[in-house]
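Have a look at the structure below, then the notes.
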Amino acid sequence: MSKPRLRFAPSPTGSPHVGNIRTAVFNYLYCRHTGGTFILRIEDTDRERYVEGSLEEIMLSLRWMGMDWDEGPEVGGDYGPYFQSQRLDIYARYAEELIERGRAYRCYCTKERLEELRKYQESNKLPLGYDRRCRDLSPEDRARLERENPEPVIRFAMKLEGTTEFDDVVRGHLVFDNALQDDFVIIKSDGYPTYNFANVIDDHLMEITHVIRGEEFISSTPKHVQMYEAFGWETPVWVSVPLILDEQRRKLSKRSDTQTRFVSYIEDGYLPEAMLNFLATMGWSSGEDKKIYTREELIEQFTLEGISTSAAVFDLARLNDLQGEHVRLLSVDDLANRLVPFLQAANYVGNPPTASEMDYLKRIVPLIQPRLVLLKDAPDMTLYFYRDDFDYEEKGARKYLVKDTTPGLLEAVAEKLESLQQWFCETIELAVREAGASLGMEGGQVIHPVRVAVTGRTFGPGLFELMDVLGKDRCTARLRRAAAWARDRLGTVEPQTSS
RNA sequence: GGCGCCAUAGUGCAUCGGUUAGCACACGGCUCUUUCAAGGCCGAAGGACGGGUUCGACUCCCGUUGGCGCCGCCA
C-alpha cells in the first residue's frame, strides 16, 4: 500500500482555534507516524466570510507547533494549487460531469423562495431541506425559470431510496437513510463550490487516503460518500475525531469564555511542546498511564485506534500543568533563549542580547525555572534582576519594613555584606544570619525584611541564591535604600504585627 | 422538529467479560522550607438509569434519560 496522504484543510475565515489545531495535530502525528505526506489546503470558497490575516495565523500556528506541511502554500507540491479559490475551473468541470451523469442539476430557486420554504417547514415542524422542485424540470419550465433567475446553483441529486453506509475508524459502521438526505448545493451562484463539493473533489485529486476531521462532519459524510460513488472514486478512510468543548460544554467558538484564538497561547508564552502534548492527549491515548510525551514519543506511539469517541472539555488547568512540566524539562540554555523575546519586549535585554546579558540571564533562569509557567510572566518575575527602582509590595512593606527595628537591621546587614571578601550563597547566608544574630534576631526575622528590601516582594527564589546573582553592590545599595525608606515612614504607617 | 454521535470522579485519560475500578490535573491535609513555587506523603471524589446476555458485567445488546453535533448559495 502506498504511503498515506493526509490534509489539514482550514478555511481562512478567522483565527484558528484550539479545536482546529488539535485536528491538525492528529493529521500531523499520523502522517509522521506512518511516513505519510502532510498537506495544507486552504478552503477559501466563502468570499463573504473571508478574514484578512487568518491564513497567516494558520500558517504561523502550524509552524510554531513544529507541524510543517509537505505540500501546500509556500512550499508547493505536485497536486496544487492548494488554494481552492484557484481551482474554480476544476470544480466547474466536475460539476458539469455530474450533471451529465444525471447526479446533479441546476436549481433556479431564489434565496427568497428557499427562505419561505424554510420558514414553512419550521413553523410546521417539518424536516428541513430543499424540496427538489428543480430536480426534474421539463425543458419548458427550465427555460422559463432560467429567465427568472439567470444565476442558478448546482445541486447534487442524492439517492432517494436505500441507505448510505460507511466505516469510520473511530465510530464503526455508520448507516444513513437516503430518504432523509438533502439535495445540497455543490456550486453556488457566484461560481464558487461549497465545502461539501470542493472537499471531495480535492481529496480525490490530491489522493488523500485518510480524512481526519472533527465529528461535526459525520452528518455530512453520507453526502460525500454518494459523490465518490457517483464519480466511481474510491473513498478515503474516514476518521471522525471527538470535539473539544468549552466549559459550557459547547463546541469551542468565538463566544466561548475559553481563550479561543490559538495565537493568543503563543503570545502568552506557552511552549509548543506543552501545547502539542496537551492537544494530542485530548481525545487520544496511548493506552498507558503517561502524562508527559515528547514530540518523538507522540509520533512513535500515535495510532488511530487510540482516538477516543467522546468529546473532551478544554481544561486550562491541565494545559498549565503540562506547561510547567515542560518548562522544567528545558535546559537552562534552552529556556534562556526562549525567554529572550519576552525580556526584549520588557526592554530588559537588547536585540540581539549581548553575551553578558545572556550570561546574566542564564544565572537567573535556574532560579525562576521551577516557578515559571507562562513565559510572558518572566519579565514580572525577574523585574528586580533588571530594575533597581521597584516599589515595595504593600503588604510586605507593612509587615516587614515598617518596624522600628528594620532600618537598623537592614543597615547592619548591608554593613556586614560590604565587608565580605567572597560573594557566594554560603558566605551571604552566613553574613545575613550573623548580622541578624548580632541584633538578637534569628532566621526568619531577618530574612523576610531583607527579601523585601532586595526584591520588593515577599515571595520568590531562595534569598541567598538571588542575592548571589544580584551581586554585592546592588544588594547593599538596596538594603540601604530600604532602610532609608523605612526610616522615613517610621511612625507614619501602622506596622502589621500579625504573623 | 428530523437525523446522528456520545456517556468511568469536577476535568482529561486507563481498565477493551473476572481489578479493593488505576493515573494525572484541580481540590483538602501533612511534609520539606526564609517566602513562593517545585518535590514527597496522605485524603475526598466515579461506572447516568432500567432491562437483558453470561457462571460473572464499567466492559456486549436493547430501551430510557442526559449532553453534544448537524440539518446554509458556512466550513
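Residue numbering restarts at 1 for every chain of the C-alpha cells, chains are lettered A, B, ... in their displayed order, and ligands are numbered from 1 as they appear.
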
Compile the residues of chain A that lie within 6 Å of chain B, evaluated using only C-alpha atoms (C1' of nucleotides), and express the compilation as a PDB file with N, CA and C atoms, in the first residue's frame.
```pdb
ATOM      1  N   LYS A 125     -43.080  22.309  11.700  1.00  0.00           N
ATOM      2  CA  LYS A 125     -42.238  21.263  12.293  1.00  0.00           C
ATOM      3  C   LYS A 125     -41.964  20.119  11.335  1.00  0.00           C
ATOM      4  N   PRO A 127     -39.351  18.303   8.480  1.00  0.00           N
ATOM      5  CA  PRO A 127     -37.902  18.197   8.302  1.00  0.00           C
ATOM      6  C   PRO A 127     -37.420  19.327   7.393  1.00  0.00           C
ATOM      7  N   LYS A 188     -22.191  27.330  -5.972  1.00  0.00           N
ATOM      8  CA  LYS A 188     -23.024  28.474  -5.622  1.00  0.00           C
ATOM      9  C   LYS A 188     -23.257  29.344  -6.852  1.00  0.00           C
ATOM     10  N   GLU A 216     -18.156  16.867  13.820  1.00  0.00           N
ATOM     11  CA  GLU A 216     -19.294  17.641  13.332  1.00  0.00           C
ATOM     12  C   GLU A 216     -19.570  17.340  11.859  1.00  0.00           C
ATOM     13  N   SER A 219     -22.437  13.938  10.015  1.00  0.00           N
ATOM     14  CA  SER A 219     -23.741  14.017   9.336  1.00  0.00           C
ATOM     15  C   SER A 219     -23.625  14.345   7.856  1.00  0.00           C
ATOM     16  N   ASP A 289      -0.609   4.768  31.304  1.00  0.00           N
ATOM     17  CA  ASP A 289      -0.765   5.918  32.186  1.00  0.00           C
ATOM     18  C   ASP A 289       0.463   6.789  32.057  1.00  0.00           C
ATOM     19  N   SER A 310     -15.558  10.122  22.808  1.00  0.00           N
ATOM     20  CA  SER A 310     -16.360  11.166  23.420  1.00  0.00           C
ATOM     21  C   SER A 310     -15.647  12.518  23.444  1.00  0.00           C
ATOM     22  N   ARG A 318      -5.089  21.881  33.236  1.00  0.00           N
ATOM     23  CA  ARG A 318      -4.262  20.767  32.774  1.00  0.00           C
ATOM     24  C   ARG A 318      -3.194  21.259  31.795  1.00  0.00           C
ATOM     25  N   PRO A 370      11.627  26.614  38.294  1.00  0.00           N
ATOM     26  CA  PRO A 370      10.579  25.822  38.955  1.00  0.00           C
ATOM     27  C   PRO A 370       9.307  26.615  39.242  1.00  0.00           C
ATOM     28  N   ARG A 371       9.374  27.928  39.068  1.00  0.00           N
ATOM     29  CA  ARG A 371       8.219  28.768  39.394  1.00  0.00           C
ATOM     30  C   ARG A 371       7.500  29.306  38.175  1.00  0.00           C
ATOM     31  N   GLY A 444      14.124  33.825  60.220  1.00  0.00           N
ATOM     32  CA  GLY A 444      13.009  34.478  59.552  1.00  0.00           C
ATOM     33  C   GLY A 444      12.892  35.969  59.830  1.00  0.00           C
ATOM     34  N   ILE A 447      15.551  37.410  57.444  1.00  0.00           N
ATOM     35  CA  ILE A 447      15.428  37.029  56.040  1.00  0.00           C
ATOM     36  C   ILE A 447      14.258  37.732  55.348  1.00  0.00           C
ATOM     37  N   THR A 458       7.584  39.488  48.797  1.00  0.00           N
ATOM     38  CA  THR A 458       7.623  38.542  49.912  1.00  0.00           C
ATOM     39  C   THR A 458       7.798  37.102  49.436  1.00  0.00           C
ATOM     40  N   PHE A 459       7.851  36.955  48.146  1.00  0.00           N
ATOM     41  CA  PHE A 459       7.949  35.586  47.616  1.00  0.00           C
ATOM     42  C   PHE A 459       8.995  35.581  46.510  1.00  0.00           C
ATOM     43  N   GLY A 460       9.414  34.393  46.170  1.00  0.00           N
ATOM     44  CA  GLY A 460      10.376  34.283  45.080  1.00  0.00           C
ATOM     45  C   GLY A 460      11.411  33.215  45.352  1.00  0.00           C
TER      46      GLY A 460
END
```

Item to check | strand (DSSP E) residues, from DSSP on the backbone, in stretch 41-204 of chain A, as a PyMOL selection string | outcome: chain A and resi 104-107+153-156+163-168+172-177+185-187

Checklist entry - What lies within 12 Å of A:Val211 using only C-alpha atoms (C1' of nucleotides), ignoring chain neighbours under 6 positions off, as an NGL selection string? => result :A and (4-9 or 23-24 or 26-28 or 30-31 or 38-39 or 167-170 or 199-200 or 202-204 or 217-218 or 221 or 224 or 235-241 or 304)

Checklist entry - At what distance in Å, to one decimal, does atom CA of A:Leu383 lie from atom CA of A:Gly436? => result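 That distance, rounded to one decimal, is 26.7 Å.
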
Next on the checklist: What's the separation between atom CA of A:Trp284 and atom CA of A:Ser253, in Å to one decimal place?
Outcome noted: 21.5 Å

Next on the checklist: List as a list in words the protein and nucleic acid residues near A:Leu60, meaning an atom at most 12 Å away when only C-alpha atoms (C1' of nucleotides) are counted, but skip any in the same chain fewer than 4 places from it.
Outcome noted: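 In the requested form, the answer reads Ser15, Pro16, Ile21, Gly53, Ser54, Leu55, Glu56, Trp64, Met65, Gly66, Met67, Asp68, Trp69, Phe262, Val263, Ser264, Ile266, Glu267 and Pro272 of chain A.
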
Item to check | All residues 9 Å or closer to B:A21, only C-alpha atoms (C1' of nucleotides), same chain fewer than 3 positions away omitted, as number ranges by chain | outcome: B: 8, 15, 46-47, 58

Write out the residues from the selection above, keeping N, CA, C and O atoms (P, O5', C5', C4', C3', O3' and C1' of nucleotides), as a PDB file, in the first residue's frame.
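Okay, selection.pdb is ready:
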```
ATOM      1  P     U B   8     -18.356   9.097  30.631  1.00  0.00           P
ATOM      2  O5'   U B   8     -17.892   8.467  32.020  1.00  0.00           O
ATOM      3  C5'   U B   8     -18.766   7.528  32.664  1.00  0.00           C
ATOM      4  C4'   U B   8     -18.011   6.897  33.783  1.00  0.00           C
ATOM      5  C3'   U B   8     -17.104   7.850  34.544  1.00  0.00           C
ATOM      6  O3'   U B   8     -17.845   8.551  35.526  1.00  0.00           O
ATOM      7  C1'   U B   8     -15.913   5.878  34.024  1.00  0.00           C
ATOM      8  P     U B  15      -7.445   0.927  28.031  1.00  0.00           P
ATOM      9  O5'   U B  15      -7.852  -0.049  29.220  1.00  0.00           O
ATOM     10  C5'   U B  15      -6.870  -0.803  29.926  1.00  0.00           C
ATOM     11  C4'   U B  15      -7.499  -1.377  31.160  1.00  0.00           C
ATOM     12  C3'   U B  15      -8.708  -2.275  30.901  1.00  0.00           C
ATOM     13  O3'   U B  15      -8.276  -3.625  30.774  1.00  0.00           O
ATOM     14  C1'   U B  15      -9.203  -0.686  32.607  1.00  0.00           C
ATOM     15  P     G B  46     -17.920   8.850  44.641  1.00  0.00           P
ATOM     16  O5'   G B  46     -17.828   8.565  43.076  1.00  0.00           O
ATOM     17  C5'   G B  46     -18.535   9.420  42.164  1.00  0.00           C
ATOM     18  C4'   G B  46     -18.324   8.920  40.774  1.00  0.00           C
ATOM     19  C3'   G B  46     -18.782   7.487  40.523  1.00  0.00           C
ATOM     20  O3'   G B  46     -20.176   7.468  40.242  1.00  0.00           O
ATOM     21  C1'   G B  46     -16.636   7.821  39.588  1.00  0.00           C
ATOM     22  P     G B  47     -21.002   6.154  40.530  1.00  0.00           P
ATOM     23  O5'   G B  47     -20.403   5.090  39.489  1.00  0.00           O
ATOM     24  C5'   G B  47     -21.229   4.602  38.439  1.00  0.00           C
ATOM     25  C4'   G B  47     -20.504   4.841  37.143  1.00  0.00           C
ATOM     26  C3'   G B  47     -21.241   4.309  35.935  1.00  0.00           C
ATOM     27  O3'   G B  47     -21.255   5.387  35.014  1.00  0.00           O
ATOM     28  C1'   G B  47     -19.054   3.348  36.130  1.00  0.00           C
ATOM     29  P     C B  58     -20.603  -4.021  36.582  1.00  0.00           P
ATOM     30  O5'   C B  58     -20.071  -2.878  35.600  1.00  0.00           O
ATOM     31  C5'   C B  58     -20.774  -1.662  35.464  1.00  0.00           C
ATOM     32  C4'   C B  58     -20.131  -0.837  34.391  1.00  0.00           C
ATOM     33  C3'   C B  58     -19.929  -1.564  33.079  1.00  0.00           C
ATOM     34  O3'   C B  58     -21.055  -1.431  32.264  1.00  0.00           O
ATOM     35  C1'   C B  58     -17.908  -0.474  33.724  1.00  0.00           C
TER      36        C B  58
END
```

Next on the checklist: Neighbouring residues of B:G18 were defined as those with any atom within 12 Å, considering only C-alpha atoms (C1' of nucleotides); residues of the same chain fewer than 6 positions away were excluded. Please report them as a list in words.
Outcome noted: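 My reading of the contact set: U54, C55, G56, A57 and U59 of chain B.
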
Next on the checklist: Residues of stretch 190-414 of chain A classed as alpha helix (DSSP H) by DSSP on the backbone are to be reported as a PyMOL selection string.
Outcome noted: chain A and resi 195-205+221-231+262-267+272-280+295-301+316-329+332-345+355-368+378-381+383-386+394-396+406-414
